[in-house]
Amino acid sequence: VQLQASGGGLVQPGGSLRLSCAASGRTFSTYTMGWFRQAPGKEREFVAAVRLSGGATRYADSVKGRFTISRDNAKNTAHLQINSLNADDTAVYYCATHSGNLITGAMGRTTSYEYWGQGTQVTVSS
């Protein structure tokens, strides 16, 4: 499975971006797709995840109300709409996928995902 993340960039505080993650290659009947981020000098942290089958979602507390994850089943793609960006959101954002449905409690663990994309840089700066 190959994952292609896109949509990152430089944005001013308060701005918005829409990240996308497209899965290709070996296909499965369903996926769970997740977004994680890693800021310089920090560990990779969970941001959001969605089950492509059923649409259940989970968010990190730090992004609730600002970030929205969605899916396009026909295209095996997940999107992450990120609003009200601040400097703390500056990081490389990685998408990942698990070949099946993850329970909500497992969505936030990096070890739950077998496949990872290359990351897309989000920089929030004035």
# chains A, B, ... in the order shown; residues from 1 in each chain; ligands from 1

$ residues_around --residues "Ser53 (chain A)" --least-positions-apart "3" --cutoff "9 Å" --atoms "only C-alpha atoms" --output "list in words"
Ser29, Thr30, Tyr31, Thr32, Val50, Ala56, Asn73, Gly100 and Asn101 of chain A

$ write_last_selection --atoms "all heavy atoms" --output "mmCIF file, in the first residue's frame"
data_model
loop_
_atom_site.group_PDB
_atom_site.id
_atom_site.type_symbol
_atom_site.label_atom_id
_atom_site.label_comp_id
_atom_site.auth_asym_id
_atom_site.auth_seq_id
_atom_site.Cartn_x
_atom_site.Cartn_y
_atom_site.Cartn_z
ATOM 1 N N SER A 29 -10.792 -4.442 1.948
ATOM 2 C CA SER A 29 -12.218 -4.140 1.951
ATOM 3 C C SER A 29 -12.518 -2.887 2.741
ATOM 4 O O SER A 29 -13.490 -2.191 2.477
ATOM 5 C CB SER A 29 -13.004 -5.318 2.535
ATOM 6 O OG SER A 29 -12.573 -5.586 3.862
ATOM 7 N N THR A 30 -11.694 -2.590 3.701
ATOM 8 C CA THR A 30 -11.893 -1.375 4.464
ATOM 9 C C THR A 30 -10.567 -0.953 5.098
ATOM 10 O O THR A 30 -9.645 -1.744 5.204
ATOM 11 C CB THR A 30 -12.964 -1.559 5.550
ATOM 12 O OG1 THR A 30 -13.229 -0.297 6.166
ATOM 13 C CG2 THR A 30 -12.472 -2.543 6.616
ATOM 14 N N TYR A 31 -10.508 0.296 5.473
ATOM 15 C CA TYR A 31 -9.318 0.851 6.096
ATOM 16 C C TYR A 31 -9.709 1.671 7.311
ATOM 17 O O TYR A 31 -10.842 2.113 7.449
ATOM 18 C CB TYR A 31 -8.612 1.844 5.162
ATOM 19 C CG TYR A 31 -8.067 1.294 3.879
ATOM 20 C CD1 TYR A 31 -8.857 1.205 2.745
ATOM 21 C CD2 TYR A 31 -6.731 0.933 3.774
ATOM 22 C CE1 TYR A 31 -8.345 0.751 1.551
ATOM 23 C CE2 TYR A 31 -6.200 0.483 2.567
ATOM 24 C CZ TYR A 31 -7.011 0.392 1.476
ATOM 25 O OH TYR A 31 -6.492 -0.054 0.282
ATOM 26 N N THR A 32 -8.726 1.885 8.152
ATOM 27 C CA THR A 32 -8.785 3.003 9.079
ATOM 28 C C THR A 32 -7.622 3.910 8.693
ATOM 29 O O THR A 32 -6.490 3.442 8.551
ATOM 30 C CB THR A 32 -8.616 2.557 10.541
ATOM 31 O OG1 THR A 32 -9.651 1.622 10.866
ATOM 32 C CG2 THR A 32 -8.689 3.755 11.471
ATOM 33 N N VAL A 50 -10.125 8.092 11.034
ATOM 34 C CA VAL A 50 -11.470 7.789 10.562
ATOM 35 C C VAL A 50 -11.496 6.374 10.004
ATOM 36 O O VAL A 50 -10.544 5.929 9.368
ATOM 37 C CB VAL A 50 -11.915 8.793 9.472
ATOM 38 C CG1 VAL A 50 -11.009 8.758 8.250
ATOM 39 C CG2 VAL A 50 -13.369 8.555 9.059
ATOM 40 N N ALA A 56 -16.647 6.205 11.637
ATOM 41 C CA ALA A 56 -16.329 6.586 13.018
ATOM 42 C C ALA A 56 -15.020 7.355 13.051
ATOM 43 O O ALA A 56 -14.080 7.042 12.325
ATOM 44 C CB ALA A 56 -16.234 5.350 13.896
ATOM 45 N N ASN A 73 -14.683 7.234 0.197
ATOM 46 C CA ASN A 73 -14.499 5.788 0.055
ATOM 47 C C ASN A 73 -14.169 5.388 -1.370
ATOM 48 O O ASN A 73 -13.357 4.500 -1.601
ATOM 49 C CB ASN A 73 -15.754 5.059 0.529
ATOM 50 C CG ASN A 73 -15.926 5.132 2.024
ATOM 51 O OD1 ASN A 73 -15.184 5.819 2.712
ATOM 52 N ND2 ASN A 73 -16.916 4.432 2.529
ATOM 53 N N GLY A 100 -8.115 -2.522 7.950
ATOM 54 C CA GLY A 100 -9.264 -3.039 8.681
ATOM 55 C C GLY A 100 -9.831 -1.940 9.557
ATOM 56 O O GLY A 100 -9.400 -0.797 9.500
ATOM 57 N N ASN A 101 -10.799 -2.302 10.371
ATOM 58 C CA ASN A 101 -11.411 -1.338 11.288
ATOM 59 C C ASN A 101 -10.723 -1.398 12.639
ATOM 60 O O ASN A 101 -10.684 -2.452 13.275
ATOM 61 C CB ASN A 101 -12.899 -1.642 11.459
ATOM 62 C CG ASN A 101 -13.705 -1.257 10.239
ATOM 63 O OD1 ASN A 101 -13.394 -0.275 9.565
ATOM 64 N ND2 ASN A 101 -14.739 -2.010 9.948
#

$ select_by_dssp --residues "region 11-62 of chain A" --states "strand (DSSP E or B)" --output "list of chain:residue names"
A:Val11, A:Leu17, A:Arg18, A:Leu19, A:Ser20, A:Cys21, A:Ala22, A:Ala23, A:Ser24, A:Thr32, A:Met33, A:Gly34, A:Trp35, A:Phe36, A:Arg37, A:Gln38, A:Glu45, A:Phe46, A:Val47, A:Ala48, A:Ala49, A:Val50, A:Arg51, A:Thr57, A:Arg58, A:Tyr59

$ closest_residue --among "A:Ile82, A:Val92, A:Ala60, A:Ala5" --to "Lys42 (chain A)" --atoms "only C-alpha atoms"
A:Val92

$ closest_residue --among "A:Asp61, A:Asp72, A:Glu114, A:Glu43" --to "Ala22 (chain A)" --atoms "only C-alpha atoms"
A:Asp72

$ residues_around --residues "Thr57 (chain A)" --least-positions-apart "2" --cutoff "12 Å" --atoms "only C-alpha atoms" --output "PyMOL selection string"
chain A and resi 32-35+47-55+59-60+64+67-71+78+80+101-108

$ closest_atom_pairs --of "region 47-107 of chain A" --to "region 6-9 of chain A" --cutoff "10 Å" --atoms "only C-alpha atoms" --output "Markdown table"
| residue | atom | partner | partner_atom | distance |
| --- | --- | --- | --- | --- |
| A:His79 | CA | A:Gly7 | CA | 9.4 |
| A:Leu80 | CA | A:Gly7 | CA | 9.3 |
| A:Gln81 | CA | A:Gly7 | CA | 9.9 |
| A:Thr90 | CA | A:Gly9 | CA | 9.9 |
| A:Ala91 | CA | A:Gly8 | CA | 9.8 |
| A:Val92 | CA | A:Gly8 | CA | 8.5 |
| A:Tyr93 | CA | A:Gly8 | CA | 8.0 |
| A:Tyr94 | CA | A:Ser6 | CA | 9.7 |
| A:Cys95 | CA | A:Ser6 | CA | 9.6 |

$ write_last_selection --atoms "all heavy atoms" --output "PDB file, in the first residue's frame"
ATOM      1  N   HIS A  79      -9.335  13.125   4.117  1.00  0.00           N
ATOM      2  CA  HIS A  79      -8.970  14.535   4.146  1.00  0.00           C
ATOM      3  C   HIS A  79      -8.931  15.017   5.585  1.00  0.00           C
ATOM      4  O   HIS A  79      -9.676  14.533   6.435  1.00  0.00           O
ATOM      5  CB  HIS A  79      -9.991  15.364   3.362  1.00  0.00           C
ATOM      6  CG  HIS A  79     -10.165  14.922   1.947  1.00  0.00           C
ATOM      7  ND1 HIS A  79      -9.229  15.167   0.966  1.00  0.00           N
ATOM      8  CD2 HIS A  79     -11.165  14.231   1.349  1.00  0.00           C
ATOM      9  CE1 HIS A  79      -9.644  14.663  -0.168  1.00  0.00           C
ATOM     10  NE2 HIS A  79     -10.818  14.084   0.022  1.00  0.00           N
ATOM     11  N   LEU A  80      -8.083  15.985   5.830  1.00  0.00           N
ATOM     12  CA  LEU A  80      -8.013  16.616   7.149  1.00  0.00           C
ATOM     13  C   LEU A  80      -8.119  18.114   6.955  1.00  0.00           C
ATOM     14  O   LEU A  80      -7.188  18.744   6.453  1.00  0.00           O
ATOM     15  CB  LEU A  80      -6.716  16.251   7.861  1.00  0.00           C
ATOM     16  CG  LEU A  80      -6.590  16.744   9.299  1.00  0.00           C
ATOM     17  CD1 LEU A  80      -7.589  16.003  10.195  1.00  0.00           C
ATOM     18  CD2 LEU A  80      -5.178  16.573   9.827  1.00  0.00           C
ATOM     19  N   GLN A  81      -9.256  18.662   7.318  1.00  0.00           N
ATOM     20  CA  GLN A  81      -9.462  20.109   7.272  1.00  0.00           C
ATOM     21  C   GLN A  81      -8.962  20.691   8.576  1.00  0.00           C
ATOM     22  O   GLN A  81      -9.436  20.295   9.649  1.00  0.00           O
ATOM     23  CB  GLN A  81     -10.940  20.433   7.076  1.00  0.00           C
ATOM     24  CG  GLN A  81     -11.254  21.924   7.055  1.00  0.00           C
ATOM     25  CD  GLN A  81     -10.694  22.621   5.831  1.00  0.00           C
ATOM     26  OE1 GLN A  81     -10.713  22.076   4.737  1.00  0.00           O
ATOM     27  NE2 GLN A  81     -10.185  23.831   6.013  1.00  0.00           N
ATOM     28  N   THR A  90       2.509  23.722  13.920  1.00  0.00           N
ATOM     29  CA  THR A  90       3.623  23.542  12.989  1.00  0.00           C
ATOM     30  C   THR A  90       4.262  22.180  13.192  1.00  0.00           C
ATOM     31  O   THR A  90       4.688  21.845  14.303  1.00  0.00           O
ATOM     32  CB  THR A  90       4.673  24.649  13.183  1.00  0.00           C
ATOM     33  OG1 THR A  90       4.103  25.910  12.826  1.00  0.00           O
ATOM     34  CG2 THR A  90       5.896  24.389  12.317  1.00  0.00           C
ATOM     35  N   ALA A  91       4.305  21.395  12.132  1.00  0.00           N
ATOM     36  CA  ALA A  91       4.831  20.031  12.227  1.00  0.00           C
ATOM     37  C   ALA A  91       4.808  19.396  10.843  1.00  0.00           C
ATOM     38  O   ALA A  91       4.205  19.936   9.907  1.00  0.00           O
ATOM     39  CB  ALA A  91       3.988  19.195  13.184  1.00  0.00           C
ATOM     40  N   VAL A  92       5.439  18.245  10.749  1.00  0.00           N
ATOM     41  CA  VAL A  92       5.244  17.386   9.581  1.00  0.00           C
ATOM     42  C   VAL A  92       4.046  16.500   9.894  1.00  0.00           C
ATOM     43  O   VAL A  92       4.010  15.852  10.943  1.00  0.00           O
ATOM     44  CB  VAL A  92       6.482  16.537   9.283  1.00  0.00           C
ATOM     45  CG1 VAL A  92       6.210  15.611   8.100  1.00  0.00           C
ATOM     46  CG2 VAL A  92       7.686  17.431   8.995  1.00  0.00           C
ATOM     47  N   TYR A  93       3.090  16.504   9.000  1.00  0.00           N
ATOM     48  CA  TYR A  93       1.876  15.717   9.184  1.00  0.00           C
ATOM     49  C   TYR A  93       1.985  14.443   8.353  1.00  0.00           C
ATOM     50  O   TYR A  93       2.234  14.492   7.138  1.00  0.00           O
ATOM     51  CB  TYR A  93       0.644  16.533   8.779  1.00  0.00           C
ATOM     52  CG  TYR A  93       0.269  17.557   9.808  1.00  0.00           C
ATOM     53  CD1 TYR A  93       1.077  18.666  10.045  1.00  0.00           C
ATOM     54  CD2 TYR A  93      -0.887  17.420  10.577  1.00  0.00           C
ATOM     55  CE1 TYR A  93       0.748  19.603  11.012  1.00  0.00           C
ATOM     56  CE2 TYR A  93      -1.230  18.357  11.539  1.00  0.00           C
ATOM     57  CZ  TYR A  93      -0.411  19.439  11.756  1.00  0.00           C
ATOM     58  OH  TYR A  93      -0.740  20.368  12.725  1.00  0.00           O
ATOM     59  N   TYR A  94       1.794  13.318   9.016  1.00  0.00           N
ATOM     60  CA  TYR A  94       1.887  12.019   8.375  1.00  0.00           C
ATOM     61  C   TYR A  94       0.520  11.349   8.346  1.00  0.00           C
ATOM     62  O   TYR A  94      -0.213  11.379   9.337  1.00  0.00           O
ATOM     63  CB  TYR A  94       2.848  11.107   9.137  1.00  0.00           C
ATOM     64  CG  TYR A  94       4.273  11.571   9.165  1.00  0.00           C
ATOM     65  CD1 TYR A  94       4.730  12.382  10.204  1.00  0.00           C
ATOM     66  CD2 TYR A  94       5.164  11.202   8.170  1.00  0.00           C
ATOM     67  CE1 TYR A  94       6.047  12.810  10.238  1.00  0.00           C
ATOM     68  CE2 TYR A  94       6.485  11.619   8.199  1.00  0.00           C
ATOM     69  CZ  TYR A  94       6.916  12.430   9.234  1.00  0.00           C
ATOM     70  OH  TYR A  94       8.228  12.849   9.274  1.00  0.00           O
ATOM     71  N   CYS A  95       0.202  10.723   7.221  1.00  0.00           N
ATOM     72  CA  CYS A  95      -0.981   9.880   7.191  1.00  0.00           C
ATOM     73  C   CYS A  95      -0.556   8.429   7.284  1.00  0.00           C
ATOM     74  O   CYS A  95       0.567   8.067   6.914  1.00  0.00           O
ATOM     75  CB  CYS A  95      -1.833  10.138   5.947  1.00  0.00           C
ATOM     76  SG  CYS A  95      -1.057   9.754   4.380  1.00  0.00           S
TER      77      CYS A  95
END

$ residues_around --residues "Val11 (chain A)" --least-positions-apart "3" --cutoff "10 Å" --atoms "only C-alpha atoms" --output "PyMOL selection string"
chain A and resi 8+14-17+85-87+90+122-126

$ write_last_selection --atoms "C-alpha atoms" --output "PDB file, in the first residue's frame"
ATOM      1  CA  GLY A   8       0.708  21.177   3.435  1.00  0.00           C
ATOM      2  CA  GLY A  14      -5.689  31.708  12.170  1.00  0.00           C
ATOM      3  CA  GLY A  15      -5.530  30.305   8.676  1.00  0.00           C
ATOM      4  CA  SER A  16      -6.689  26.977   7.255  1.00  0.00           C
ATOM      5  CA  LEU A  17      -5.372  24.118   5.196  1.00  0.00           C
ATOM      6  CA  LEU A  85      -4.063  27.238  12.955  1.00  0.00           C
ATOM      7  CA  ASN A  86      -1.524  28.405  15.508  1.00  0.00           C
ATOM      8  CA  ALA A  87       2.212  28.049  15.916  1.00  0.00           C
ATOM      9  CA  THR A  90       3.623  23.542  12.989  1.00  0.00           C
ATOM     10  CA  VAL A 122       2.623  22.480   7.785  1.00  0.00           C
ATOM     11  CA  THR A 123       4.210  25.721   8.943  1.00  0.00           C
ATOM     12  CA  VAL A 124       2.220  28.362  10.781  1.00  0.00           C
ATOM     13  CA  SER A 125       3.976  31.695  10.805  1.00  0.00           C
ATOM     14  CA  SER A 126       3.262  35.354  10.255  1.00  0.00           C
TER      15      SER A 126
END

$ select_by_dssp --residues "chain A" --states "helix (DSSP H, G or I)" --output "MDAnalysis selection string"
chainID A and resid 73:75 87:89 104:106 110:112

$ atom_distance --atom1 "CA of Ser112 (chain A)" --atom2 "CA of Ser84 (chain A)"
28.6 Å

$ closest_residue --among "A:Asn83, A:Gln118, A:Ser20, A:Gln12" --to "Gly65 (chain A)" --atoms "only C-alpha atoms"
A:Asn83

$ atom_distance --atom1 "CA of Gln2 (chain A)" --atom2 "CA of Gly41 (chain A)"
26.7 Å

$ atom_distance --atom1 "CA of Gln121 (chain A)" --atom2 "CA of Ser24 (chain A)"
21.2 Å

$ decode --residues "region 32-44 of chain A" --atoms "all heavy atoms" --output "CSV table (one decimal), in the first residue's frame"
chain,number,residue,atom,x,y,z
A,32,THR,N,-8.7,1.9,8.2
A,32,THR,CA,-8.8,3.0,9.1
A,32,THR,C,-7.6,3.9,8.7
A,32,THR,O,-6.5,3.4,8.6
A,32,THR,CB,-8.6,2.6,10.5
A,32,THR,OG1,-9.7,1.6,10.9
A,32,THR,CG2,-8.7,3.8,11.5
A,33,MET,N,-7.9,5.2,8.5
A,33,MET,CA,-6.9,6.1,8.1
A,33,MET,C,-6.7,7.1,9.2
A,33,MET,O,-7.6,7.6,9.8
A,33,MET,CB,-7.2,6.8,6.8
A,33,MET,CG,-7.3,5.8,5.6
A,33,MET,SD,-7.5,6.6,4.0
A,33,MET,CE,-5.8,7.0,3.7
A,34,GLY,N,-5.4,7.4,9.5
A,34,GLY,CA,-5.1,8.3,10.6
A,34,GLY,C,-4.1,9.3,10.2
A,34,GLY,O,-3.4,9.2,9.2
A,35,TRP,N,-4.1,10.4,10.9
A,35,TRP,CA,-3.2,11.5,10.8
A,35,TRP,C,-2.4,11.7,12.1
A,35,TRP,O,-3.0,11.7,13.1
A,35,TRP,CB,-3.8,12.8,10.4
A,35,TRP,CG,-4.3,12.9,9.0
A,35,TRP,CD1,-5.6,12.7,8.5
A,35,TRP,CD2,-3.6,13.3,7.9
A,35,TRP,NE1,-5.7,12.8,7.2
A,35,TRP,CE2,-4.4,13.2,6.7
A,35,TRP,CE3,-2.2,13.7,7.6
A,35,TRP,CZ2,-4.0,13.6,5.4
A,35,TRP,CZ3,-1.8,14.0,6.4
A,35,TRP,CH2,-2.7,13.9,5.3
A,36,PHE,N,-1.1,11.8,11.9
A,36,PHE,CA,-0.2,12.1,13.1
A,36,PHE,C,0.6,13.3,12.7
A,36,PHE,O,0.7,13.6,11.5
A,36,PHE,CB,0.7,10.9,13.4
A,36,PHE,CG,-0.1,9.7,13.9
A,36,PHE,CD1,-0.8,8.9,13.0
A,36,PHE,CD2,0.0,9.3,15.2
A,36,PHE,CE1,-1.5,7.8,13.5
A,36,PHE,CE2,-0.7,8.2,15.7
A,36,PHE,CZ,-1.5,7.4,14.9
A,37,ARG,N,1.3,13.9,13.6
A,37,ARG,CA,2.2,15.0,13.3
A,37,ARG,C,3.4,14.9,14.3
A,37,ARG,O,3.3,14.3,15.4
A,37,ARG,CB,1.5,16.3,13.5
A,37,ARG,CG,1.1,16.6,14.9
A,37,ARG,CD,0.3,17.9,14.9
A,37,ARG,NE,-0.1,18.3,16.3
A,37,ARG,CZ,-0.9,19.4,16.5
A,37,ARG,NH1,-1.4,20.1,15.5
A,37,ARG,NH2,-1.3,19.6,17.8
A,38,GLN,N,4.5,15.5,13.8
A,38,GLN,CA,5.7,15.5,14.5
A,38,GLN,C,6.4,16.8,14.3
A,38,GLN,O,6.8,17.2,13.2
A,38,GLN,CB,6.7,14.3,14.1
A,38,GLN,CG,7.9,14.2,14.9
A,38,GLN,CD,8.6,12.8,14.7
A,38,GLN,OE1,8.4,12.2,13.6
A,38,GLN,NE2,9.4,12.4,15.6
A,39,ALA,N,6.5,17.5,15.5
A,39,ALA,CA,7.2,18.8,15.5
A,39,ALA,C,8.7,18.6,15.8
A,39,ALA,O,9.1,17.5,16.4
A,39,ALA,CB,6.6,19.7,16.5
A,40,PRO,N,9.5,19.5,15.4
A,40,PRO,CA,11.0,19.3,15.7
A,40,PRO,C,11.3,19.1,17.1
A,40,PRO,O,10.8,19.8,18.0
A,40,PRO,CB,11.6,20.7,15.2
A,40,PRO,CG,10.6,21.2,14.2
A,40,PRO,CD,9.3,20.7,14.6
A,41,GLY,N,12.0,18.0,17.4
A,41,GLY,CA,12.4,17.7,18.8
A,41,GLY,C,11.3,17.0,19.6
A,41,GLY,O,11.5,16.8,20.8
A,42,LYS,N,10.2,16.7,19.0
A,42,LYS,CA,9.1,16.1,19.7
A,42,LYS,C,8.8,14.8,19.1
A,42,LYS,O,9.1,14.4,18.0
A,42,LYS,CB,7.9,17.0,19.7
A,42,LYS,CG,8.1,18.3,20.4
A,42,LYS,CD,6.8,19.1,20.5
A,42,LYS,CE,7.0,20.4,21.3
A,42,LYS,NZ,5.7,21.1,21.4
A,43,GLU,N,8.1,14.0,19.9
A,43,GLU,CA,7.6,12.7,19.4
A,43,GLU,C,6.4,12.8,18.5
A,43,GLU,O,5.7,13.8,18.6
A,43,GLU,CB,7.2,11.8,20.6
A,43,GLU,CG,8.4,11.4,21.5
A,43,GLU,CD,8.0,10.4,22.6
A,43,GLU,OE1,6.8,10.1,22.7
A,43,GLU,OE2,8.9,9.9,23.3
A,44,ARG,N,6.2,11.8,17.7
A,44,ARG,CA,5.1,11.8,16.8
A,44,ARG,C,3.8,11.7,17.6
A,44,ARG,O,3.8,10.8,18.5
A,44,ARG,CB,5.2,10.7,15.8
A,44,ARG,CG,4.2,10.7,14.7
A,44,ARG,CD,4.5,9.8,13.6
A,44,ARG,NE,5.8,10.1,12.9
A,44,ARG,CZ,6.3,9.5,11.9
A,44,ARG,NH1,5.6,8.5,11.3
A,44,ARG,NH2,7.5,9.8,11.4
